[in-house]
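Visitor: Structure: coords-v2.txt, compact mmCIF, C-alpha atoms and all ligand atoms.
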```txt
# COMPACT_ATOMS: atom_id res chain seq x y z
CA MET E 9 51.44 40.62 -65.46
CA SER E 10 50.98 37.64 -63.18
CA SER E 11 54.58 36.41 -63.51
CA GLU E 12 55.72 39.52 -61.56
CA TRP E 13 53.99 38.13 -58.49
CA THR E 14 56.72 36.14 -56.76
CA ALA E 15 56.00 34.50 -53.39
CA ASP E 16 58.03 37.22 -51.64
CA ARG E 17 56.00 40.00 -53.24
CA ILE E 18 52.70 38.32 -52.38
CA VAL E 19 53.76 37.92 -48.72
CA GLU E 20 55.05 41.50 -48.59
CA GLN E 21 51.87 43.03 -50.02
CA THR E 22 49.53 40.86 -47.90
CA ILE E 23 51.39 41.76 -44.70
CA ARG E 24 51.66 45.43 -45.70
CA ILE E 25 47.89 45.83 -46.02
CA MET E 26 47.25 43.97 -42.75
CA SER E 27 49.89 46.04 -40.95
CA GLN E 28 48.47 49.31 -42.27
CA GLY E 29 45.12 48.10 -40.96
CA VAL E 30 46.70 47.78 -37.50
CA THR E 31 47.94 51.39 -37.66
CA ALA E 32 44.38 52.45 -38.50
CA MET E 33 43.09 50.24 -35.67
CA GLN E 34 45.39 52.07 -33.22
CA ARG E 35 43.53 55.29 -34.02
CA LEU E 36 40.32 53.53 -33.07
CA THR E 37 41.60 51.98 -29.84
CA ASP E 38 43.17 55.34 -28.82
CA ALA E 39 39.77 56.97 -29.32
CA TYR E 40 38.13 54.23 -27.22
CA PHE E 41 40.70 54.60 -24.40
CA ALA E 42 40.10 58.38 -24.40
CA LYS E 43 36.29 58.20 -24.42
CA ARG E 44 35.67 55.00 -22.43
CA THR E 45 32.42 54.36 -20.59
CA GLN E 46 31.43 51.28 -18.62
CA GLU E 47 28.77 50.66 -21.24
CA ALA E 48 31.43 50.52 -23.95
CA ASP E 49 33.64 48.22 -21.84
CA VAL E 50 30.76 45.78 -21.29
CA ASN E 51 29.70 45.96 -24.93
CA TRP E 52 33.04 45.10 -26.48
CA VAL E 53 33.79 42.28 -24.04
CA THR E 54 30.34 40.72 -24.54
CA ILE E 55 30.72 40.81 -28.33
CA GLN E 56 34.24 39.45 -28.05
CA MET E 57 32.99 36.49 -25.99
CA ALA E 58 30.49 35.83 -28.77
CA ARG E 59 33.26 35.94 -31.40
CA GLU E 60 35.31 33.40 -29.47
CA TYR E 61 32.21 31.20 -29.09
CA GLY E 62 31.72 31.35 -32.87
CA ALA E 63 35.38 30.56 -33.54
CA MET E 64 35.48 27.55 -31.21
CA SER E 65 32.49 26.05 -33.00
CA PHE E 66 33.52 26.76 -36.60
CA TYR E 67 37.00 25.29 -36.17
CA GLY E 68 35.17 22.00 -35.56
CA ASP E 69 33.52 22.42 -38.99
CA LEU E 70 36.87 23.23 -40.58
CA ALA E 71 38.41 20.10 -39.04
CA ARG E 72 35.58 17.98 -40.44
CA LEU E 73 36.00 19.50 -43.93
CA ALA E 74 39.77 19.13 -43.80
CA ILE E 75 39.52 15.44 -42.90
CA ARG E 76 37.05 14.88 -45.75
CA GLY E 77 39.47 16.80 -47.96
CA GLY E 78 42.15 14.25 -47.16
CA ILE E 79 44.40 15.64 -44.39
CA SER E 80 45.93 13.18 -41.96
CA GLY E 81 44.81 12.61 -38.38
CA ARG E 82 48.06 14.11 -37.16
CA ASP E 83 47.39 17.37 -39.07
CA ALA E 84 43.76 17.35 -37.92
CA ASP E 85 45.02 17.34 -34.35
CA GLU E 86 46.09 20.96 -34.91
CA PHE E 87 42.38 21.88 -34.86
CA THR E 88 41.98 20.41 -31.37
CA HIS E 89 44.70 22.78 -30.25
CA ILE E 90 43.03 25.81 -31.87
CA ILE E 91 39.59 24.94 -30.46
CA LYS E 92 41.08 24.68 -26.95
CA GLU E 93 42.66 28.11 -27.41
CA GLU E 94 39.33 29.64 -28.55
CA VAL E 95 37.60 28.18 -25.47
CA ASP E 96 40.38 29.66 -23.31
CA HIS E 97 39.81 33.05 -24.98
CA TYR E 98 36.09 32.78 -24.25
CA ARG E 99 36.81 32.08 -20.58
CA SER E 100 39.30 34.94 -20.34
CA TYR E 101 36.75 37.46 -21.63
CA GLN E 102 34.18 36.06 -19.21
CA ILE E 103 36.61 36.83 -16.36
CA LEU E 104 37.10 40.33 -17.77
CA LEU E 105 33.34 40.82 -17.93
CA ASP E 106 33.14 39.86 -14.24
CA LEU E 107 35.50 42.78 -13.55
CA THR E 108 32.93 45.19 -14.99
CA ILE E 109 29.52 43.86 -13.95
CA GLY E 110 30.34 41.56 -11.03
CA LYS E 111 31.02 37.86 -10.74
CA ASP E 112 28.44 35.39 -12.04
CA THR E 113 26.17 38.14 -13.42
CA PRO E 114 24.34 36.78 -16.49
CA ILE E 115 25.66 37.84 -19.91
CA PRO E 116 24.05 41.24 -20.56
CA ASP E 117 22.76 40.47 -24.05
CA ASP E 118 21.80 36.91 -24.90
CA ASP E 119 21.44 37.87 -28.58
CA CYS E 120 25.22 38.13 -28.68
CA PHE E 121 25.45 34.40 -29.40
CA HIS E 122 24.06 35.11 -32.88
CA TYR E 123 26.98 37.45 -33.64
CA LEU E 124 29.30 34.83 -35.18
CA ASN E 125 26.90 31.89 -35.26
CA ILE E 126 28.16 30.56 -38.59
CA ARG E 127 28.88 27.13 -40.00
CA PHE E 128 31.10 25.76 -42.73
CA THR E 129 29.71 22.92 -44.86
CA PRO E 130 30.76 21.50 -48.25
CA ASP E 131 28.34 24.10 -49.74
CA GLY E 132 30.22 27.03 -48.16
CA VAL E 133 29.92 29.24 -45.09
CA ALA E 134 26.62 30.74 -43.83
CA PHE E 135 24.89 31.78 -40.63
CA PHE E 136 22.88 29.16 -38.78
CA PRO E 137 19.14 29.69 -39.46
CA GLY E 138 17.72 32.62 -37.49
CA SER E 139 21.02 34.35 -36.69
CA GLU E 140 21.62 36.56 -39.72
CA GLU E 141 18.42 38.60 -39.24
CA VAL E 142 19.43 39.42 -35.65
CA VAL E 143 22.96 40.37 -36.73
CA ALA E 144 21.79 42.57 -39.62
CA ARG E 145 19.40 44.42 -37.31
CA LYS E 146 21.62 44.85 -34.23
CA TRP E 147 25.13 45.02 -35.68
CA PRO E 148 24.92 46.35 -39.26
CA GLU E 149 28.66 47.14 -39.48
CA HIS E 150 29.60 43.64 -38.40
CA HIS E 151 27.04 42.28 -40.85
CA ARG E 152 28.72 44.25 -43.63
CA PHE E 153 32.15 42.86 -42.79
CA ILE E 154 31.04 39.26 -42.29
CA SER E 155 29.02 39.32 -45.52
CA LEU E 156 32.13 40.30 -47.48
CA TRP E 157 34.17 37.66 -45.63
CA MET E 158 31.61 34.93 -46.40
CA ASP E 159 31.30 36.08 -50.00
CA ASN E 160 35.09 35.78 -50.43
CA TYR E 161 35.03 32.26 -49.05
CA ASN E 162 32.01 31.13 -51.06
CA ASN E 163 32.52 32.79 -54.43
CA LEU E 164 36.15 33.64 -55.20
CA PRO E 165 38.61 31.32 -56.98
CA SER E 166 40.08 28.97 -54.37
CA TRP E 167 43.62 30.35 -54.10
CA SER E 168 42.46 34.00 -53.72
CA SER E 169 39.77 32.93 -51.28
CA LYS E 170 42.31 31.20 -49.03
CA LEU E 171 44.70 34.13 -49.12
CA LEU E 172 41.92 36.57 -48.16
CA MET E 173 40.85 34.29 -45.29
CA THR E 174 44.20 35.05 -43.66
CA GLN E 175 43.05 38.72 -43.59
CA GLY E 176 40.17 37.69 -41.33
CA GLU E 177 41.89 36.30 -38.27
CA GLY E 178 45.03 38.22 -39.20
CA GLY E 179 43.10 41.46 -38.93
CA SER E 180 41.62 40.38 -35.61
CA CYS E 181 45.12 39.75 -34.42
CA GLY E 182 45.89 43.44 -34.97
CA TRP E 183 42.91 44.45 -32.89
CA HIS E 184 44.08 42.21 -30.01
CA TRP E 185 47.57 43.68 -30.33
CA CYS E 186 46.26 47.26 -29.96
CA LEU E 187 44.37 46.22 -26.81
CA ALA E 188 47.46 44.42 -25.47
CA ASN E 189 49.05 47.90 -25.47
CA ALA E 190 46.21 49.48 -23.46
CA PRO E 191 47.24 52.21 -20.98
CA GLN E 192 47.46 50.67 -17.50
CA THR E 193 45.08 53.12 -15.82
CA ASP E 194 42.70 50.76 -13.97
CA ASP E 195 42.08 47.09 -13.18
CA PHE E 196 39.92 46.57 -16.25
CA LEU E 197 42.57 47.83 -18.68
CA LYS E 198 45.32 46.01 -16.76
CA GLY E 199 43.29 42.78 -17.11
CA THR E 200 42.65 43.58 -20.78
CA ALA E 201 46.35 44.04 -21.60
CA LYS E 202 47.33 40.90 -19.73
CA LEU E 203 44.87 38.62 -21.49
CA GLU E 204 45.36 40.23 -24.91
CA LYS E 205 49.10 39.52 -24.84
CA VAL E 206 48.24 35.80 -24.68
CA VAL E 207 45.54 36.05 -27.36
CA VAL E 208 47.87 37.81 -29.82
CA GLU E 209 50.40 34.98 -29.55
CA ASP E 210 47.66 32.40 -30.26
CA GLU E 211 46.04 34.33 -33.09
CA LEU E 212 49.28 34.81 -35.01
CA GLN E 213 49.07 31.02 -35.51
CA HIS E 214 45.42 31.16 -36.71
CA GLY E 215 45.89 32.50 -40.20
CA PRO E 216 48.85 34.87 -40.62
CA ASP E 217 51.29 31.96 -40.33
CA GLU E 218 49.64 30.48 -43.45
CA ILE E 219 50.53 33.43 -45.70
CA ARG E 220 54.02 32.26 -46.65
CA ARG E 221 52.89 28.72 -47.49
CA LEU E 222 49.96 30.03 -49.57
CA ALA E 223 52.17 32.52 -51.41
CA GLU E 224 54.54 29.74 -52.36
CA ALA E 225 51.60 27.71 -53.69
CA TYR E 226 50.31 30.63 -55.85
CA ASP E 227 48.18 29.15 -58.61
CA PRO E 228 47.12 31.71 -61.28
CA ALA E 229 44.58 29.22 -62.70
CA ASN E 230 42.66 29.39 -59.39
CA ALA E 231 43.15 33.08 -58.67
CA MET E 232 41.52 36.39 -59.53
CA PRO E 233 43.70 39.28 -60.79
CA MET E 234 46.09 40.07 -57.93
CA GLU E 235 45.43 43.86 -57.80
CA ALA E 236 41.69 43.24 -57.55
CA MET E 237 42.28 40.77 -54.70
CA PHE E 238 44.36 43.32 -52.79
CA GLU E 239 41.60 45.92 -53.27
CA ILE E 240 39.28 43.49 -51.48
CA ALA E 241 41.90 43.12 -48.72
CA ARG E 242 41.83 46.93 -48.28
CA GLU E 243 38.05 46.93 -48.20
CA MET E 244 38.24 44.27 -45.45
CA ARG E 245 40.61 46.44 -43.41
CA TYR E 246 38.28 49.45 -43.73
CA LEU E 247 35.13 47.47 -42.89
CA ASP E 248 36.99 45.88 -39.99
CA ILE E 249 37.60 49.36 -38.49
CA ARG E 250 33.90 50.15 -38.87
CA GLU E 251 32.92 46.83 -37.28
CA ARG E 252 35.23 47.37 -34.30
CA ASN E 253 34.03 50.98 -33.96
CA GLU E 254 30.52 49.54 -33.55
CA GLN E 255 31.86 47.07 -30.96
CA PHE E 256 33.35 50.00 -28.93
CA LEU E 257 30.09 52.00 -29.27
CA TYR E 258 31.36 54.46 -31.88
CA PRO E 259 34.34 56.41 -30.48
CA LEU E 260 35.20 57.45 -34.08
CA SER E 261 32.94 59.80 -36.04
CA GLU E 262 31.90 59.27 -39.67
CA ALA E 263 34.36 62.00 -40.72
CA GLU E 264 37.21 60.21 -38.92
CA LEU E 265 36.21 56.88 -40.50
CA GLU E 266 36.16 58.50 -43.92
CA GLU E 267 39.67 59.87 -43.34
CA ILE E 268 40.88 56.38 -42.39
CA ARG E 269 39.26 54.95 -45.51
CA GLY E 270 41.23 57.43 -47.65
CA LEU E 271 44.50 56.54 -45.89
CA ILE E 272 43.95 52.78 -46.34
CA TYR E 273 43.10 53.08 -50.04
CA SER E 274 45.92 55.49 -50.84
CA ASP E 275 48.46 53.10 -49.26
CA THR E 276 49.91 55.92 -47.14
CA LEU E 277 49.67 54.54 -43.56
CA GLU E 278 52.93 53.54 -41.88
CA PRO E 279 52.65 49.76 -41.33
CA ALA E 280 52.74 48.45 -37.73
CA THR E 281 55.40 45.83 -36.97
CA ILE E 282 53.18 43.16 -35.42
CA TYR E 283 53.38 40.59 -38.25
CA ASP E 284 57.16 40.69 -38.71
CA ALA E 285 57.40 37.31 -36.98
CA VAL E 286 55.27 35.61 -39.65
CA ALA E 287 56.45 37.56 -42.73
FE FE E 301 40.25 33.65 -30.34
FE FE E 302 41.51 32.45 -33.46
```
Take the structure in the file and write it out as structure tokens.
Guide:
Amino acid sequence: MSSEWTADRIVEQTIRIMSQGVTAMQRLTDAYFAKRTQEADVNWVTIQMAREYGAMSFYGDLARLAIRGGISGRDADEFTHIIKEEVDHYRSYQILLDLTIGKDTPIPDDDCFHYLNIRFTPDGVAFFPGSEEVVARKWPEHHRFISLWMDNYNNLPSWSSKLLMTQGEGGSCGWHWCLANAPQTDDFLKGTAKLEKVVVEDELQHGPDEIRRLAEAYDPANAMPMEAMFEIAREMRYLDIRERNEQFLYPLSEAELEEIRGLIYSDTLEPATIYDAVA
């Protein structure tokens, strides 16, 4: 019954699923730390640079849409701030990449710029022409996640769509948090932890901080059934683990991924505490 869904309950359930996703993500990052290769280091940093590149460009689209949707110039200024942070993240990962392959070495895989080469228009979100084929071929797990994410944005009732969008950057935030806690065993992981501590602080403001405001504006007329929406949130958390496993060059086996899937869907993982500040 929809009337049972108070703002507090919506916030609690949204954060719970994201936080359980972080606990699952810790299993993945632990496996990566244990099985690390230089190839895996270079791969995840290169992809992460591409994600930051995608974010810095699509926040420009979101600013444009928000202004056309009627927000004030003062509120639009917030986007300038976010875009600057995404550019800073891009630069930080570039510095980290230099630590692995040497300063000023060209980016190892130029195709990476297709990874999050998406645009938001009044018709919805989609890849720029030519990028989706590359992504589907080279990064099928990422393609699976991003397809669900775009489908949520394009096709769900507006309130549910906005709430699920917070699971996107919110989930990424968890991944950064796990890396911020990397064991300090060499210069690369020391550099990783240092930069990730900054990124986590920024990313908590790129989505998760919206959850409370959205929950208070819950609009059943523009929402899908709440349980069904939270099932999609769980699916996002599971596909996110698979996508990040691909980014780290597969430290987790299919059997381990299947176990994580069961834990996410049965609601049995102990939630991590990372989002307490925004709850
Ligand atoms: Fe970022
Ligand atoms: Fe961000």
Visitor: Looking at only C-alpha atoms, which of E:Glu60, E:Glu267, E:Ala71, E:Arg250 is the one that sits closest to Glu149 (chain E)?
Guide: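 Of E:Glu60, E:Glu267, E:Ala71, E:Arg250, the one nearest Glu149 (chain E) is E:Arg250, counting only C-alpha atoms.
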Visitor: Could the residues that lie within 9 Å of ligand FE 302 (chain E), counting all atoms listed in the file, be listed as a PDB file with C-alpha atoms, keeping the file's coordinate frame?
Guide:
```pdb
ATOM      1  CA  GLU E  60      35.310  33.400 -29.470  1.00  0.00           C
ATOM      2  CA  ALA E  63      35.380  30.560 -33.540  1.00  0.00           C
ATOM      3  CA  MET E  64      35.480  27.550 -31.210  1.00  0.00           C
ATOM      4  CA  TYR E  67      37.000  25.290 -36.170  1.00  0.00           C
ATOM      5  CA  ILE E  90      43.030  25.810 -31.870  1.00  0.00           C
ATOM      6  CA  ILE E  91      39.590  24.940 -30.460  1.00  0.00           C
ATOM      7  CA  GLU E  93      42.660  28.110 -27.410  1.00  0.00           C
ATOM      8  CA  GLU E  94      39.330  29.640 -28.550  1.00  0.00           C
ATOM      9  CA  HIS E  97      39.810  33.050 -24.980  1.00  0.00           C
ATOM     10  CA  GLU E 177      41.890  36.300 -38.270  1.00  0.00           C
ATOM     11  CA  GLY E 178      45.030  38.220 -39.200  1.00  0.00           C
ATOM     12  CA  SER E 180      41.620  40.380 -35.610  1.00  0.00           C
ATOM     13  CA  CYS E 181      45.120  39.750 -34.420  1.00  0.00           C
ATOM     14  CA  VAL E 207      45.540  36.050 -27.360  1.00  0.00           C
ATOM     15  CA  ASP E 210      47.660  32.400 -30.260  1.00  0.00           C
ATOM     16  CA  GLU E 211      46.040  34.330 -33.090  1.00  0.00           C
ATOM     17  CA  LEU E 212      49.280  34.810 -35.010  1.00  0.00           C
ATOM     18  CA  GLN E 213      49.070  31.020 -35.510  1.00  0.00           C
ATOM     19  CA  HIS E 214      45.420  31.160 -36.710  1.00  0.00           C
ATOM     20  CA  GLY E 215      45.890  32.500 -40.200  1.00  0.00           C
TER      21      GLY E 215
END
```
Visitor: Please report the interatomic distance between CA of Leu260 (chain E) and CA of Thr37 (chain E) in Å with one decimal.
Guide: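 CA of Thr37 (chain E) lies at a distance of 9.4 Å from CA of Leu260 (chain E).
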Visitor: Determine, for each residue of region 149-233 of chain E having at least one atom at most 9 Å from an atom of region 11-30 of chain E, the closest pair of atoms and their separation in Å to one decimal, counting all atoms listed in the file; order by chain and ascending number, as JSON lines.
Guide:
```
{"residue": "E:Leu171", "atom": "CA", "partner": "E:Thr22", "partner_atom": "CA", "distance": 8.4}
{"residue": "E:Leu172", "atom": "CA", "partner": "E:Thr22", "partner_atom": "CA", "distance": 8.7}
{"residue": "E:Thr174", "atom": "CA", "partner": "E:Thr22", "partner_atom": "CA", "distance": 9.0}
{"residue": "E:Gln175", "atom": "CA", "partner": "E:Met26", "partner_atom": "CA", "distance": 6.8}
{"residue": "E:Gly178", "atom": "CA", "partner": "E:Met26", "partner_atom": "CA", "distance": 7.1}
{"residue": "E:Gly179", "atom": "CA", "partner": "E:Met26", "partner_atom": "CA", "distance": 6.2}
{"residue": "E:Cys181", "atom": "CA", "partner": "E:Val30", "partner_atom": "CA", "distance": 8.7}
{"residue": "E:Gly182", "atom": "CA", "partner": "E:Val30", "partner_atom": "CA", "distance": 5.1}
{"residue": "E:Trp183", "atom": "CA", "partner": "E:Val30", "partner_atom": "CA", "distance": 6.8}
{"residue": "E:Trp185", "atom": "CA", "partner": "E:Val30", "partner_atom": "CA", "distance": 8.3}
{"residue": "E:Cys186", "atom": "CA", "partner": "E:Val30", "partner_atom": "CA", "distance": 7.6}
{"residue": "E:Pro216", "atom": "CA", "partner": "E:Ile23", "partner_atom": "CA", "distance": 8.4}
{"residue": "E:Ile219", "atom": "CA", "partner": "E:Val19", "partner_atom": "CA", "distance": 6.3}
{"residue": "E:Arg220", "atom": "CA", "partner": "E:Val19", "partner_atom": "CA", "distance": 6.0}
{"residue": "E:Arg221", "atom": "CA", "partner": "E:Ala15", "partner_atom": "CA", "distance": 8.8}
{"residue": "E:Leu222", "atom": "CA", "partner": "E:Ala15", "partner_atom": "CA", "distance": 8.4}
{"residue": "E:Ala223", "atom": "CA", "partner": "E:Ala15", "partner_atom": "CA", "distance": 4.7}
{"residue": "E:Glu224", "atom": "CA", "partner": "E:Ala15", "partner_atom": "CA", "distance": 5.1}
{"residue": "E:Ala225", "atom": "CA", "partner": "E:Ala15", "partner_atom": "CA", "distance": 8.1}
{"residue": "E:Tyr226", "atom": "CA", "partner": "E:Ala15", "partner_atom": "CA", "distance": 7.3}
```
Visitor: For C-alpha atoms, I'd like the residues from the last selection saved as a PDB file, keeping the file's coordinate frame.
Guide:
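Saved the output as again-v2.pdb:
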```pdb
ATOM      1  CA  LEU E 171      44.700  34.130 -49.120  1.00  0.00           C
ATOM      2  CA  LEU E 172      41.920  36.570 -48.160  1.00  0.00           C
ATOM      3  CA  THR E 174      44.200  35.050 -43.660  1.00  0.00           C
ATOM      4  CA  GLN E 175      43.050  38.720 -43.590  1.00  0.00           C
ATOM      5  CA  GLY E 178      45.030  38.220 -39.200  1.00  0.00           C
ATOM      6  CA  GLY E 179      43.100  41.460 -38.930  1.00  0.00           C
ATOM      7  CA  CYS E 181      45.120  39.750 -34.420  1.00  0.00           C
ATOM      8  CA  GLY E 182      45.890  43.440 -34.970  1.00  0.00           C
ATOM      9  CA  TRP E 183      42.910  44.450 -32.890  1.00  0.00           C
ATOM     10  CA  TRP E 185      47.570  43.680 -30.330  1.00  0.00           C
ATOM     11  CA  CYS E 186      46.260  47.260 -29.960  1.00  0.00           C
ATOM     12  CA  PRO E 216      48.850  34.870 -40.620  1.00  0.00           C
ATOM     13  CA  ILE E 219      50.530  33.430 -45.700  1.00  0.00           C
ATOM     14  CA  ARG E 220      54.020  32.260 -46.650  1.00  0.00           C
ATOM     15  CA  ARG E 221      52.890  28.720 -47.490  1.00  0.00           C
ATOM     16  CA  LEU E 222      49.960  30.030 -49.570  1.00  0.00           C
ATOM     17  CA  ALA E 223      52.170  32.520 -51.410  1.00  0.00           C
ATOM     18  CA  GLU E 224      54.540  29.740 -52.360  1.00  0.00           C
ATOM     19  CA  ALA E 225      51.600  27.710 -53.690  1.00  0.00           C
ATOM     20  CA  TYR E 226      50.310  30.630 -55.850  1.00  0.00           C
TER      21      TYR E 226
END
```
Visitor: Quick one: distance from CA of Lys111 (chain E) to CA of Ser139 (chain E) in Å, one decimal?
Guide: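 Rounded to one decimal, the two atoms are 28.0 Å apart.
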Visitor: Would you compute the distance between CA of Glu254 (chain E) and CA of His150 (chain E)? Give it in Å to one decimal.
Guide: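 CA of Glu254 (chain E) sits 7.7 Å away from CA of His150 (chain E).
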Visitor: Which of these, E:Ser65, E:Asn230, E:Thr45, E:Ser80, has the shortest distance to ligand FE 301 (chain E) once you count only C-alpha atoms and all ligand atoms?
Guide: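 Checking each of E:Ser65, E:Asn230, E:Thr45, E:Ser80 against ligand FE 301 (chain E), counting only C-alpha atoms and all ligand atoms, the winner is E:Ser65.
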Visitor: Please define a box with edges along x, y and z of the file around all atoms of region 84-87 of chain E given in the file, extend it by 3 Å on each side, and return its centre and edge lengths in Å to one decimal, as AutoDock Vina command-line options.
Guide:
```
--center_x 44.2 --center_y 19.6 --center_z -36.1 --size_x 9.7 --size_y 10.5 --size_z 9.6
```
Visitor: What are the closest atom pairs, with distances in Å to one decimal, for all residues of region 132-191 of chain E lying within 12 Å of region 46-53 of chain E? Consider only C-alpha atoms, order rows by chain and residue number, and present the result as a Markdown table.
Guide:
```
| residue | atom | partner | partner_atom | distance |
| --- | --- | --- | --- | --- |
| E:Trp147 | CA | E:Asn51 | CA | 11.7 |
| E:Trp183 | CA | E:Trp52 | CA | 11.8 |
| E:His184 | CA | E:Val53 | CA | 11.9 |
| E:Leu187 | CA | E:Trp52 | CA | 11.4 |
```
Visitor: Let me make sure I understand: among E:Leu203, E:Cys120, E:Gln34, E:Ile79, which one has the smallest atom-to-atom distance to ligand FE 301 (chain E) if we use only C-alpha atoms and all ligand atoms?
Guide: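 So, comparing all the options, the nearest one is E:Leu203.
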Visitor: Once you count all atoms listed in the file, which residues end up no further than 12 Å from (42.7, 58.4, -31.1) in the file's frame, shown as JSON, numbers by chain?
Guide: {"E": [31, 32, 33, 34, 35, 36, 37, 38, 39, 40, 41, 42, 43, 44, 186, 253, 259, 260, 261, 264, 265, 268]}
Visitor: Go ahead and save the residues from that selection, with C-alpha atoms, as a compact mmCIF listing (two decimals), in the frame of the given file.
Guide:
```txt
# COMPACT_ATOMS: atom_id res chain seq x y z
CA THR E 31 47.94 51.39 -37.66
CA ALA E 32 44.38 52.45 -38.50
CA MET E 33 43.09 50.24 -35.67
CA GLN E 34 45.39 52.07 -33.22
CA ARG E 35 43.53 55.29 -34.02
CA LEU E 36 40.32 53.53 -33.07
CA THR E 37 41.60 51.98 -29.84
CA ASP E 38 43.17 55.34 -28.82
CA ALA E 39 39.77 56.97 -29.32
CA TYR E 40 38.13 54.23 -27.22
CA PHE E 41 40.70 54.60 -24.40
CA ALA E 42 40.10 58.38 -24.40
CA LYS E 43 36.29 58.20 -24.42
CA ARG E 44 35.67 55.00 -22.43
CA CYS E 186 46.26 47.26 -29.96
CA ASN E 253 34.03 50.98 -33.96
CA PRO E 259 34.34 56.41 -30.48
CA LEU E 260 35.20 57.45 -34.08
CA SER E 261 32.94 59.80 -36.04
CA GLU E 264 37.21 60.21 -38.92
CA LEU E 265 36.21 56.88 -40.50
CA ILE E 268 40.88 56.38 -42.39
```
Visitor: The residues within 10 Å of (22.6, 45.1, -20.3), using all atoms listed in the file and the coordinates of the file, should be reported as a ChimeraX atom specification; which are they?
Guide: /E:47,50-51,54,109,114-118
Visitor: Which residues come within 7 Å of region 160-166 of chain E, counting only C-alpha atoms, excluding same-chain residues fewer than 6 positions away, as a list in words?
Guide: Gly132, Val133, Asn230, Ala231 and Met232 of chain E
Visitor: Limited to C-alpha atoms, could you put the picked residues into a file as a compact mmCIF listing (two decimals), keeping the file's coordinate frame?
Guide:
```
# COMPACT_ATOMS: atom_id res chain seq x y z
CA GLY E 132 30.22 27.03 -48.16
CA VAL E 133 29.92 29.24 -45.09
CA ASN E 230 42.66 29.39 -59.39
CA ALA E 231 43.15 33.08 -58.67
CA MET E 232 41.52 36.39 -59.53
```
Visitor: Pick out the residues sitting within 9 Å of region 193-196 of chain E, and hand them over as a PyMOL selection string; count all atoms listed in the file, and ignore anything fewer than 3 positions along from it in its own chain.
Guide: chain E and resi 49+104-105+107-108+190+199-201
Visitor: Can you work out which one of E:Val206, E:Phe153, E:Tyr123, E:Pro233 has the shortest atom-to-atom distance to Ile249 (chain E), counting all atoms listed in the file?
Guide: E:Phe153
Visitor: So, with all atoms listed in the file as the atoms that count, which of E:Pro137, E:Gly176, E:Gly81, E:Pro130 lies closest to ligand FE 301 (chain E)?
Guide: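 Smallest separation from ligand FE 301 (chain E) among the options: E:Gly176.
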